[in-house]
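S.K.: Supplied structure: work25.txt, compact mmCIF, C-alpha atoms.
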```txt
# COMPACT_ATOMS: atom_id res chain seq x y z
CA MET A 19 -0.81 23.35 -35.67
CA ALA A 20 -1.47 21.13 -32.69
CA LYS A 21 1.41 19.52 -30.87
CA VAL A 22 1.06 16.11 -29.22
CA ILE A 23 3.38 15.57 -26.25
CA VAL A 24 3.81 12.33 -24.32
CA VAL A 25 4.86 12.63 -20.68
CA THR A 26 6.68 9.39 -19.99
CA SER A 27 9.39 7.80 -17.83
CA GLY A 28 9.36 4.01 -17.74
CA LYS A 29 9.63 4.03 -13.97
CA GLY A 30 6.57 4.67 -11.83
CA GLY A 31 6.31 7.29 -9.12
CA VAL A 32 8.72 9.80 -10.64
CA GLY A 33 6.08 12.49 -11.23
CA LYS A 34 4.51 11.91 -14.66
CA THR A 35 0.95 12.70 -13.60
CA THR A 36 1.94 15.69 -11.47
CA SER A 37 4.06 17.00 -14.33
CA THR A 38 1.32 16.46 -16.93
CA ALA A 39 -1.14 18.41 -14.78
CA ALA A 40 1.33 21.20 -14.01
CA LEU A 41 2.64 21.59 -17.58
CA GLY A 42 -0.90 21.42 -18.98
CA ALA A 43 -2.14 24.08 -16.58
CA ALA A 44 0.95 26.23 -17.20
CA LEU A 45 0.46 26.14 -20.99
CA ALA A 46 -3.20 27.04 -20.48
CA GLN A 47 -2.15 29.90 -18.18
CA LEU A 48 0.05 31.10 -21.05
CA GLY A 49 -3.11 31.35 -23.15
CA GLN A 50 -2.85 28.12 -25.13
CA SER A 51 -5.75 25.68 -25.53
CA VAL A 52 -4.72 22.45 -23.86
CA VAL A 53 -6.08 18.97 -23.26
CA VAL A 54 -4.45 16.54 -20.83
CA VAL A 55 -5.16 12.90 -21.61
CA ASP A 56 -4.84 10.09 -19.07
CA PHE A 57 -3.53 6.91 -20.75
CA ASP A 58 -3.19 4.99 -17.49
CA VAL A 59 -6.20 2.75 -18.04
CA GLY A 60 -7.27 0.96 -14.87
CA LEU A 61 -5.16 3.21 -12.65
CA ARG A 62 -6.43 6.65 -13.53
CA ASN A 63 -5.16 9.50 -11.39
CA LEU A 64 -4.88 12.56 -13.56
CA ASP A 65 -8.55 13.35 -12.77
CA LEU A 66 -7.68 13.36 -9.05
CA VAL A 67 -4.60 15.55 -9.43
CA MET A 68 -6.62 17.95 -11.61
CA GLY A 69 -9.46 18.00 -9.07
CA ALA A 70 -12.02 16.67 -11.55
CA GLU A 71 -12.57 13.19 -10.09
CA ARG A 72 -16.23 13.82 -9.32
CA ARG A 73 -17.03 15.06 -12.81
CA VAL A 74 -15.95 12.00 -14.80
CA VAL A 75 -18.82 10.54 -16.86
CA PHE A 76 -17.25 9.05 -19.98
CA ASP A 77 -13.61 8.21 -20.51
CA LEU A 78 -10.93 7.52 -23.12
CA ILE A 79 -12.02 3.89 -23.57
CA ASN A 80 -15.64 4.93 -24.19
CA VAL A 81 -14.45 7.29 -26.91
CA VAL A 82 -11.97 4.78 -28.37
CA GLN A 83 -14.71 2.16 -28.61
CA GLY A 84 -17.25 4.60 -29.99
CA ASP A 85 -19.62 4.44 -26.99
CA ALA A 86 -19.34 8.17 -26.38
CA LYS A 87 -18.49 11.22 -28.44
CA LEU A 88 -15.22 13.02 -27.63
CA ALA A 89 -17.14 16.15 -26.60
CA GLN A 90 -19.10 14.12 -24.03
CA ALA A 91 -15.96 12.74 -22.41
CA LEU A 92 -13.93 15.95 -22.26
CA ILE A 93 -14.05 17.70 -18.89
CA ARG A 94 -13.46 21.43 -19.01
CA ASP A 95 -11.42 22.78 -16.10
CA LYS A 96 -13.38 25.02 -13.73
CA ARG A 97 -10.49 27.43 -13.21
CA LEU A 98 -9.20 27.71 -16.79
CA GLU A 99 -11.69 27.49 -19.63
CA ASN A 100 -8.97 26.68 -22.18
CA LEU A 101 -7.86 23.58 -20.23
CA SER A 102 -9.61 20.21 -20.63
CA LEU A 103 -9.13 16.68 -19.34
CA LEU A 104 -9.82 13.39 -21.07
CA PRO A 105 -9.86 10.86 -18.22
CA ALA A 106 -8.82 7.20 -18.38
CA SER A 107 -11.19 4.38 -17.53
CA GLN A 108 -10.89 3.09 -14.00
CA THR A 109 -12.74 -0.18 -14.51
CA ARG A 110 -11.61 -1.39 -17.89
CA ASP A 111 -8.56 -3.32 -18.87
CA LYS A 112 -5.74 -1.58 -20.74
CA ASP A 113 -6.22 -4.07 -23.59
CA ALA A 114 -9.40 -2.15 -24.39
CA LEU A 115 -7.15 0.50 -25.96
CA THR A 116 -6.77 -0.27 -29.65
CA ALA A 117 -4.15 1.25 -31.93
CA GLU A 118 -6.78 2.41 -34.45
CA GLY A 119 -9.06 3.83 -31.76
CA VAL A 120 -6.22 5.81 -30.18
CA ALA A 121 -5.13 7.11 -33.60
CA ARG A 122 -8.66 8.36 -34.27
CA VAL A 123 -9.03 10.06 -30.86
CA VAL A 124 -5.63 11.75 -31.08
CA ALA A 125 -6.43 13.01 -34.59
CA GLU A 126 -9.69 14.45 -33.31
CA LEU A 127 -7.94 16.11 -30.33
CA ARG A 128 -5.42 17.69 -32.72
CA GLU A 129 -8.31 19.47 -34.43
CA LYS A 130 -9.66 20.95 -31.20
CA PHE A 131 -6.57 21.96 -29.20
CA ASP A 132 -3.14 23.60 -29.52
CA TRP A 133 -1.58 21.09 -27.15
CA VAL A 134 -2.40 17.45 -26.43
CA LEU A 135 -0.50 16.22 -23.35
CA CYS A 136 -0.61 12.44 -22.93
CA ASP A 137 0.09 11.11 -19.43
CA SER A 138 1.71 7.72 -20.03
CA PRO A 139 1.37 4.77 -17.67
CA ALA A 140 4.59 3.44 -16.13
CA GLY A 141 6.26 0.48 -17.79
CA ILE A 142 7.02 -0.34 -21.40
CA GLU A 143 3.88 -2.33 -22.24
CA THR A 144 0.98 -1.57 -24.61
CA GLY A 145 -0.39 1.35 -22.58
CA ALA A 146 2.95 3.15 -22.59
CA THR A 147 3.71 2.44 -26.26
CA LEU A 148 0.21 3.60 -27.32
CA ALA A 149 0.59 6.80 -25.29
CA MET A 150 3.82 7.65 -27.13
CA ARG A 151 2.74 6.33 -30.55
CA HIS A 152 1.35 9.57 -32.01
CA ALA A 153 3.52 12.05 -30.14
CA ASP A 154 5.46 14.82 -31.86
CA ALA A 155 7.63 15.29 -28.78
CA ALA A 156 8.28 13.57 -25.47
CA VAL A 157 8.87 14.86 -21.98
CA VAL A 158 10.98 12.24 -20.21
CA VAL A 159 10.40 12.65 -16.47
CA THR A 160 13.45 11.51 -14.50
CA ASN A 161 14.53 11.59 -10.86
CA PRO A 162 18.26 12.00 -10.16
CA GLU A 163 18.47 8.39 -9.05
CA VAL A 164 19.99 5.30 -10.74
CA SER A 165 16.87 3.23 -11.43
CA SER A 166 14.97 6.19 -12.83
CA VAL A 167 17.86 7.16 -15.13
CA ARG A 168 18.21 3.60 -16.40
CA ASP A 169 14.47 3.33 -17.14
CA SER A 170 14.51 6.71 -18.87
CA ASP A 171 17.30 5.46 -21.11
CA ARG A 172 15.13 2.49 -22.05
CA ILE A 173 12.14 4.75 -22.77
CA ILE A 174 14.31 7.01 -24.95
CA GLY A 175 15.22 3.89 -26.95
CA LEU A 176 11.52 3.08 -27.39
CA LEU A 177 10.73 6.67 -28.41
CA ASP A 178 13.31 6.32 -31.16
CA ALA A 179 11.91 2.97 -32.31
CA LYS A 180 8.20 2.55 -31.61
CA THR A 181 6.69 5.94 -32.40
CA LEU A 182 5.10 6.86 -35.74
CA ARG A 183 7.66 9.62 -36.18
CA ALA A 184 10.54 7.21 -35.65
CA GLU A 185 9.03 4.71 -38.08
CA LYS A 186 8.71 7.40 -40.72
CA GLY A 187 12.36 8.29 -40.19
CA GLU A 188 11.51 11.68 -38.69
CA ARG A 189 13.16 13.20 -35.66
CA MET A 190 11.47 12.47 -32.35
CA GLU A 191 11.89 15.53 -30.14
CA LYS A 192 12.81 14.53 -26.57
CA HIS A 193 13.08 16.71 -23.47
CA LEU A 194 14.38 15.83 -20.04
CA LEU A 195 12.36 16.99 -17.05
CA LEU A 196 14.35 16.42 -13.88
CA THR A 197 11.94 16.13 -10.95
CA ARG A 198 12.23 15.78 -7.17
CA TYR A 199 15.52 17.64 -7.33
CA ASP A 200 17.12 18.73 -4.08
CA ALA A 201 19.72 21.38 -4.95
CA ALA A 202 21.76 20.85 -1.77
CA ARG A 203 22.38 17.12 -2.22
CA PRO A 204 24.27 16.98 -5.55
CA ALA A 205 26.60 19.67 -4.16
CA ARG A 206 27.43 17.30 -1.29
CA GLY A 207 28.04 14.39 -3.66
CA GLU A 208 24.95 12.57 -2.41
CA MET A 209 22.81 12.83 -5.51
CA LEU A 210 23.45 12.72 -9.25
CA LYS A 211 24.04 16.19 -10.65
CA THR A 212 21.96 17.64 -13.46
CA GLU A 213 25.03 17.49 -15.71
CA ASP A 214 25.54 13.80 -14.86
CA VAL A 215 21.99 12.90 -15.88
CA LEU A 216 22.21 15.05 -19.01
CA GLU A 217 25.52 13.52 -20.01
CA ILE A 218 24.23 9.98 -19.50
CA LEU A 219 20.88 10.42 -21.25
CA SER A 220 22.09 13.04 -23.79
CA ILE A 221 18.75 14.73 -24.43
CA PRO A 222 18.13 18.48 -23.88
CA LEU A 223 16.95 19.73 -20.50
CA LEU A 224 13.41 21.09 -20.31
CA GLY A 225 13.45 21.95 -16.63
CA ILE A 226 14.54 21.16 -13.09
CA ILE A 227 11.63 20.73 -10.70
CA PRO A 228 12.72 21.04 -7.08
CA GLU A 229 11.42 18.69 -4.44
CA SER A 230 8.76 20.85 -2.82
CA GLU A 231 6.06 20.52 -0.20
CA GLU A 232 3.82 22.50 -2.51
CA VAL A 233 3.70 19.61 -5.00
CA LEU A 234 2.15 17.27 -2.46
CA ARG A 235 -0.12 20.00 -1.15
CA SER A 236 -1.36 20.66 -4.68
CA SER A 237 -2.26 17.04 -5.35
CA ASN A 238 -3.90 16.86 -1.92
CA VAL A 239 -6.31 19.60 -2.92
CA GLY A 240 -6.59 18.69 -6.59
CA THR A 241 -5.09 21.85 -8.06
CA PRO A 242 -2.11 21.82 -10.43
CA VAL A 243 0.78 23.52 -8.59
CA THR A 244 1.10 26.32 -11.17
CA LEU A 245 -2.51 27.32 -10.43
CA GLY A 246 -2.67 26.68 -6.68
CA SER A 247 0.72 28.00 -5.55
CA PRO A 248 2.08 30.03 -8.47
CA ALA A 249 4.80 31.63 -6.31
CA SER A 250 6.23 28.31 -5.15
CA ALA A 251 9.55 27.05 -6.50
CA ALA A 252 7.92 24.03 -8.18
CA ALA A 253 5.31 26.21 -9.92
CA ARG A 254 7.98 28.62 -11.18
CA ALA A 255 10.03 25.68 -12.47
CA TYR A 256 7.01 24.17 -14.26
CA MET A 257 6.08 27.55 -15.73
CA ASP A 258 9.64 27.97 -17.08
CA ALA A 259 9.48 24.43 -18.52
CA ALA A 260 6.12 25.14 -20.20
CA LYS A 261 7.55 28.29 -21.80
CA ARG A 262 10.53 26.32 -23.12
CA LEU A 263 8.17 23.68 -24.48
CA ALA A 264 6.34 26.46 -26.31
CA GLY A 265 9.64 27.54 -27.85
CA GLU A 266 10.60 30.43 -25.58
CA THR A 267 14.18 30.81 -24.40
CA VAL A 268 14.21 30.93 -20.61
CA ALA A 269 17.38 30.87 -18.50
CA MET A 270 17.68 27.66 -16.48
CA THR A 271 17.04 28.52 -12.84
CA VAL A 272 16.98 26.08 -9.95
CA TRP A 273 14.13 27.56 -7.95
CA ALA A 274 14.02 26.92 -4.22
CA ASP A 275 11.39 27.62 -1.61
CA ARG A 276 12.72 29.77 1.16
CA LYS A 277 11.43 29.26 4.62
CA GLY A 278 11.33 32.30 6.86
CA LEU A 279 10.18 35.86 6.87
CA ILE A 280 12.63 37.46 4.49
CA GLY A 281 11.37 36.03 1.25
CA LYS A 282 9.21 33.28 -0.13
CA TRP A 283 11.69 32.18 -2.71
CA PHE A 284 15.07 32.73 -4.19
CA GLY A 285 16.57 31.44 -7.38
CA ARG A 286 19.96 30.24 -8.40
CA LYS A 287 21.09 30.46 -11.98
CA VAL A 288 22.76 27.49 -13.58
CA ALA A 289 24.17 26.80 -17.01
CA MET C 29 31.66 4.93 11.97
CA SER C 30 34.98 6.50 11.09
CA LEU C 31 35.44 9.83 9.41
CA LEU C 32 36.47 8.01 6.23
CA ASP C 33 33.16 6.13 6.21
CA LEU C 34 31.34 9.41 6.54
CA PHE C 35 33.24 10.78 3.56
CA ARG C 36 32.47 7.69 1.48
CA ARG C 37 28.79 7.89 2.37
CA ARG C 38 28.63 11.46 1.23
CA ASN C 39 30.16 10.81 -2.15
CA SER C 40 27.89 8.13 -3.52
CA ALA C 41 26.84 10.19 -6.53
CA PRO C 42 30.07 9.59 -8.52
CA VAL C 43 29.58 5.86 -7.92
CA ALA C 44 26.02 6.08 -9.26
CA ARG C 45 27.24 7.95 -12.31
CA GLU C 46 30.02 5.45 -13.02
CA ARG C 47 27.70 2.42 -12.61
CA LEU C 48 25.07 3.92 -14.89
CA GLN C 49 27.56 4.79 -17.61
CA VAL C 50 28.93 1.25 -17.72
CA LEU C 51 25.52 -0.40 -17.54
CA LEU C 52 23.86 1.76 -20.15
CA ALA C 53 26.78 1.42 -22.58
CA HIS C 54 26.16 -2.34 -22.53
CA GLU C 55 22.38 -2.15 -22.58
CA ARG C 56 22.42 0.20 -25.56
CA ALA C 57 24.87 -2.05 -27.45
CA ALA C 58 22.60 -5.03 -26.80
CA GLY C 59 19.63 -3.10 -28.19
CA GLY C 60 17.67 -3.68 -25.02
CA GLY C 61 16.42 -7.00 -23.74
CA SER C 62 19.11 -9.22 -25.23
CA ASP C 63 19.73 -12.52 -23.50
CA LEU C 64 23.36 -12.88 -24.52
CA VAL C 65 24.35 -14.95 -21.51
CA ALA C 66 21.35 -17.29 -21.89
CA VAL C 67 22.11 -17.82 -25.59
CA LEU C 68 25.80 -18.44 -24.87
CA TYR C 69 24.87 -20.88 -22.12
CA GLU C 70 22.71 -23.03 -24.40
CA GLU C 71 25.22 -23.02 -27.23
CA ILE C 72 28.18 -23.87 -25.00
CA LEU C 73 26.15 -26.69 -23.48
CA ALA C 74 25.30 -28.04 -26.93
CA VAL C 75 28.94 -28.04 -28.02
CA ILE C 76 30.06 -29.89 -24.92
CA ALA C 77 27.18 -32.38 -25.15
CA ARG C 78 28.53 -33.44 -28.53
CA HIS C 79 31.66 -34.76 -26.90
CA MET C 80 30.74 -35.68 -23.32
CA SER C 81 27.74 -35.75 -21.05
CA VAL C 82 27.63 -32.95 -18.51
CA ASP C 83 25.14 -31.99 -15.85
CA ARG C 84 23.35 -28.73 -16.81
CA GLU C 85 23.81 -27.45 -13.31
CA LYS C 86 27.57 -27.97 -13.49
CA VAL C 87 27.94 -25.46 -16.31
CA GLN C 88 28.14 -21.81 -15.30
CA VAL C 89 28.41 -18.82 -17.57
CA LYS C 90 29.07 -15.43 -16.04
CA LEU C 91 29.48 -12.09 -17.73
CA ASP C 92 31.12 -9.27 -15.84
CA ARG C 93 30.70 -5.94 -17.58
CA GLY C 94 33.48 -3.45 -17.00
CA SER C 95 34.01 0.03 -18.42
CA SER C 96 37.02 -0.93 -20.52
CA VAL C 97 37.21 -4.74 -20.29
CA SER C 98 34.41 -7.27 -19.89
CA THR C 99 35.11 -10.83 -18.87
CA LEU C 100 33.20 -13.94 -19.84
CA GLU C 101 33.72 -16.69 -17.32
CA ILE C 102 32.78 -20.24 -18.28
CA ASP C 103 33.03 -22.84 -15.56
CA ILE C 104 32.30 -26.47 -16.48
CA GLU C 105 32.64 -29.25 -13.97
CA VAL C 106 33.34 -32.57 -15.67
CA PRO C 107 32.79 -35.52 -13.31
CA GLU C 108 34.72 -38.35 -14.93
CA LEU C 109 36.50 -37.59 -18.09
CA VAL C 110 36.73 -40.73 -20.19
CA VAL C 111 39.28 -40.26 -22.89
CA LYS C 112 39.05 -42.75 -25.66
CA ARG C 113 42.46 -44.01 -26.58
CA VAL C 114 43.07 -44.51 -30.21
CA ALA C 115 44.41 -47.96 -30.73
```
Rewrite the structure of this file - the entire thing - as structure tokens.
M.R.:
Amino acid sequence: MAKVIVVTSGKGGVGKTTSTAALGAALAQLGQSVVVVDFDVGLRNLDLVMGAERRVVFDLINVVQGDAKLAQALIRDKRLENLSLLPASQTRDKDALTAEGVARVVAELREKFDWVLCDSPAGIETGATLAMRHADAAVVVTNPEVSSVRDSDRIIGLLDAKTLRAEKGERMEKHLLLTRYDAARPARGEMLKTEDVLEILSIPLLGIIPESEEVLRSSNVGTPVTLGSPASAAARAYMDAAKRLAGETVAMTVWADRKGLIGKWFGRKVA
Amino acid sequence: MSLLDLFRRRNSAPVARERLQVLLAHERAAGGGSDLVAVLYEEILAVIARHMSVDREKVQVKLDRGSSVSTLEIDIEVPELVVKRVA
């Protein structure tokens, strides 16, 4: 049975799009059939991060409004045949997304794929609430920083109130993905610790993604980090997170890139 | 910068944690997006207006949220209080 996941945060710039691309690619690398859907109408970027920006013909709005068939709008990844992208519209207004249209498209995607990963726009407006509406589970992307944690708390409140699952009185599964994490700084008392964020938000931890040069390099070249630099700390962390999302038990490791000749990486176990 | 300053700079994370815990406890209780202070302000103003005329700008309502105790501070400046004497 297909699983619909919303990747959300409230705050912008915390890594939703990067994480959607990396988790989507990682799940596909694990053999699952995956579609990543860009809900950020008017500010689409998932196509760019996935390296498919020149192949966009139709988009989510076209499908929602019935101007194109879903199959025409889906872009199959060139590296992984079981990974597809449904891009957002760059020119249209986000009001072009209708609740009924989104419901129909998500239902159709459920038929075709094992995983539907919805990249939510920032904010708490229509675009964000529609992106989370049909989700079975949410990945709440959070930076260890006060404004991000506060906005995540607000989004968790919305997930428990505005989603179909919540309205039906069912449990909305929520996972915390801590991104842009610098392992050295919490130890020096400069940055919120993982435990602090977990205690404040009280949702289970899906993964800790270290701040890594490889993340920027990957978006520069349009390749999800798990595909482009699979040995990097960020890729390992995303791969672990994807496995956990798929139900595997994986020990929580704070991966770190190691500069120098001795080794490319080393890991530190936590929890 | 003294050594003490350097120490304080380093340990900003516990401050962040403390501030977030207090703030979110209140935001969650309010159910998100509640305008408690604005509502209080209008109601207090209405009660006072029944008995005397006050300048809107001379009425201040402040809410200071603490971890254990919160204080509500109401400051009303009354220009010339005319007390009617009962004959």
S.K.: Could you tell me how far atom CA of A:Leu223 lies from atom CA of A:Gln47, in Å and to one decimal?
M.R.: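 Distance reported for this atom pair: 21.8 Å.
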S.K.: If you measure from atom CA of A:Gly69 to atom CA of A:Val157, what distance in Å do you get, rounded to one decimal?
M.R.: 22.6 Å
S.K.: At a cut-off of 6 Å, using only C-alpha atoms, what residues contact stretch 129-146 of chain A? Leave out same-chain residues fewer than 3 positions from it and give the result as a PyMOL selection string.
M.R.: chain A and resi 20-26+28-30+51-58+126+149
S.K.: Could you check how far atom CA of A:Ser220 sits from atom CA of C:Ala44, in Å to one decimal?
M.R.: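 Those two atoms sit 16.6 Å apart.
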S.K.: Just the residues within 9 Å of stretch 263-266 of chain A, please, counting only C-alpha atoms, with nothing from its chain fewer than 5 positions along; format it as a list in words.
M.R.: Leu45, His193, Leu224 and Asp258 of chain A
S.K.: As a ChimeraX atom specification, could you give me every residue of chain A near chain C (at most 6 Å apart, counting only C-alpha atoms)?
M.R.: /A:207-210
S.K.: As a list in words, please: the residues near A:Pro248 (cut-off 12 Å, all atoms listed in the file, same-chain neighbours under 2 positions excluded).
M.R.: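 Final neighbour list, sorted by chain and number: Ala40, Ala43, Ala44, Gln47, Glu232, Val233, Ser236, Thr241, Pro242, Val243, Thr244, Leu245, Gly246, Ser250, Ala251, Ala252, Ala253, Arg254, Ala255, Tyr256, Met257, Asp258, Asp275, Lys282 and Trp283 of chain A.
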S.K.: Residues of the last selection are to be written out with C-alpha atoms, as a JSON list (two decimals), keeping the file's coordinate frame.
M.R.:
```json
[["chain", "number", "residue", "atom", "x", "y", "z"],
["A", 40, "ALA", "CA", 1.33, 21.20, -14.01],
["A", 43, "ALA", "CA", -2.14, 24.08, -16.58],
["A", 44, "ALA", "CA", 0.95, 26.23, -17.20],
["A", 47, "GLN", "CA", -2.15, 29.90, -18.18],
["A", 232, "GLU", "CA", 3.82, 22.50, -2.51],
["A", 233, "VAL", "CA", 3.70, 19.61, -5.00],
["A", 236, "SER", "CA", -1.36, 20.66, -4.68],
["A", 241, "THR", "CA", -5.09, 21.85, -8.06],
["A", 242, "PRO", "CA", -2.11, 21.82, -10.43],
["A", 243, "VAL", "CA", 0.78, 23.52, -8.59],
["A", 244, "THR", "CA", 1.10, 26.32, -11.17],
["A", 245, "LEU", "CA", -2.51, 27.32, -10.43],
["A", 246, "GLY", "CA", -2.67, 26.68, -6.68],
["A", 250, "SER", "CA", 6.23, 28.31, -5.15],
["A", 251, "ALA", "CA", 9.55, 27.05, -6.50],
["A", 252, "ALA", "CA", 7.92, 24.03, -8.18],
["A", 253, "ALA", "CA", 5.31, 26.21, -9.92],
["A", 254, "ARG", "CA", 7.98, 28.62, -11.18],
["A", 255, "ALA", "CA", 10.03, 25.68, -12.47],
["A", 256, "TYR", "CA", 7.01, 24.17, -14.26],
["A", 257, "MET", "CA", 6.08, 27.55, -15.73],
["A", 258, "ASP", "CA", 9.64, 27.97, -17.08],
["A", 275, "ASP", "CA", 11.39, 27.62, -1.61],
["A", 282, "LYS", "CA", 9.21, 33.28, -0.13],
["A", 283, "TRP", "CA", 11.69, 32.18, -2.71]]
```
S.K.: Listed atoms of stretch 64-80 of chain C, axis-aligned box, 6 Å per side: centre and edge lengths to one decimal in Å, as lines of an AutoDock Vina configuration file?
M.R.:
```
center_x = 26.5
center_y = -24.3
center_z = -25.0
size_x = 22.3
size_y = 34.8
size_z = 19.0
```
S.K.: Show which residues sit within 10 Å of A:Ser166, as a PyMOL selection string. Count all atoms listed in the file, and ignore same-chain residues fewer than 3 positions away.
M.R.: chain A and resi 27-32+159-163+169-172
S.K.: Tell me which protein, DNA and RNA residues are within 10 Å of stretch 99-107 of chain C, counting only C-alpha atoms, leaving out same-chain ones fewer than 2 positions away, and put them as number ranges by chain.
M.R.: C: 65, 68-69, 72-73, 76, 80-94, 97, 109-110
S.K.: Could you check the closest approach to A:Asp85 for each of A:Gly119, A:Asn63, A:Val158, A:Gly225 and tell me which residue wins, using all atoms listed in the file?
M.R.: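 Smallest separation from A:Asp85 among the options: A:Gly119.
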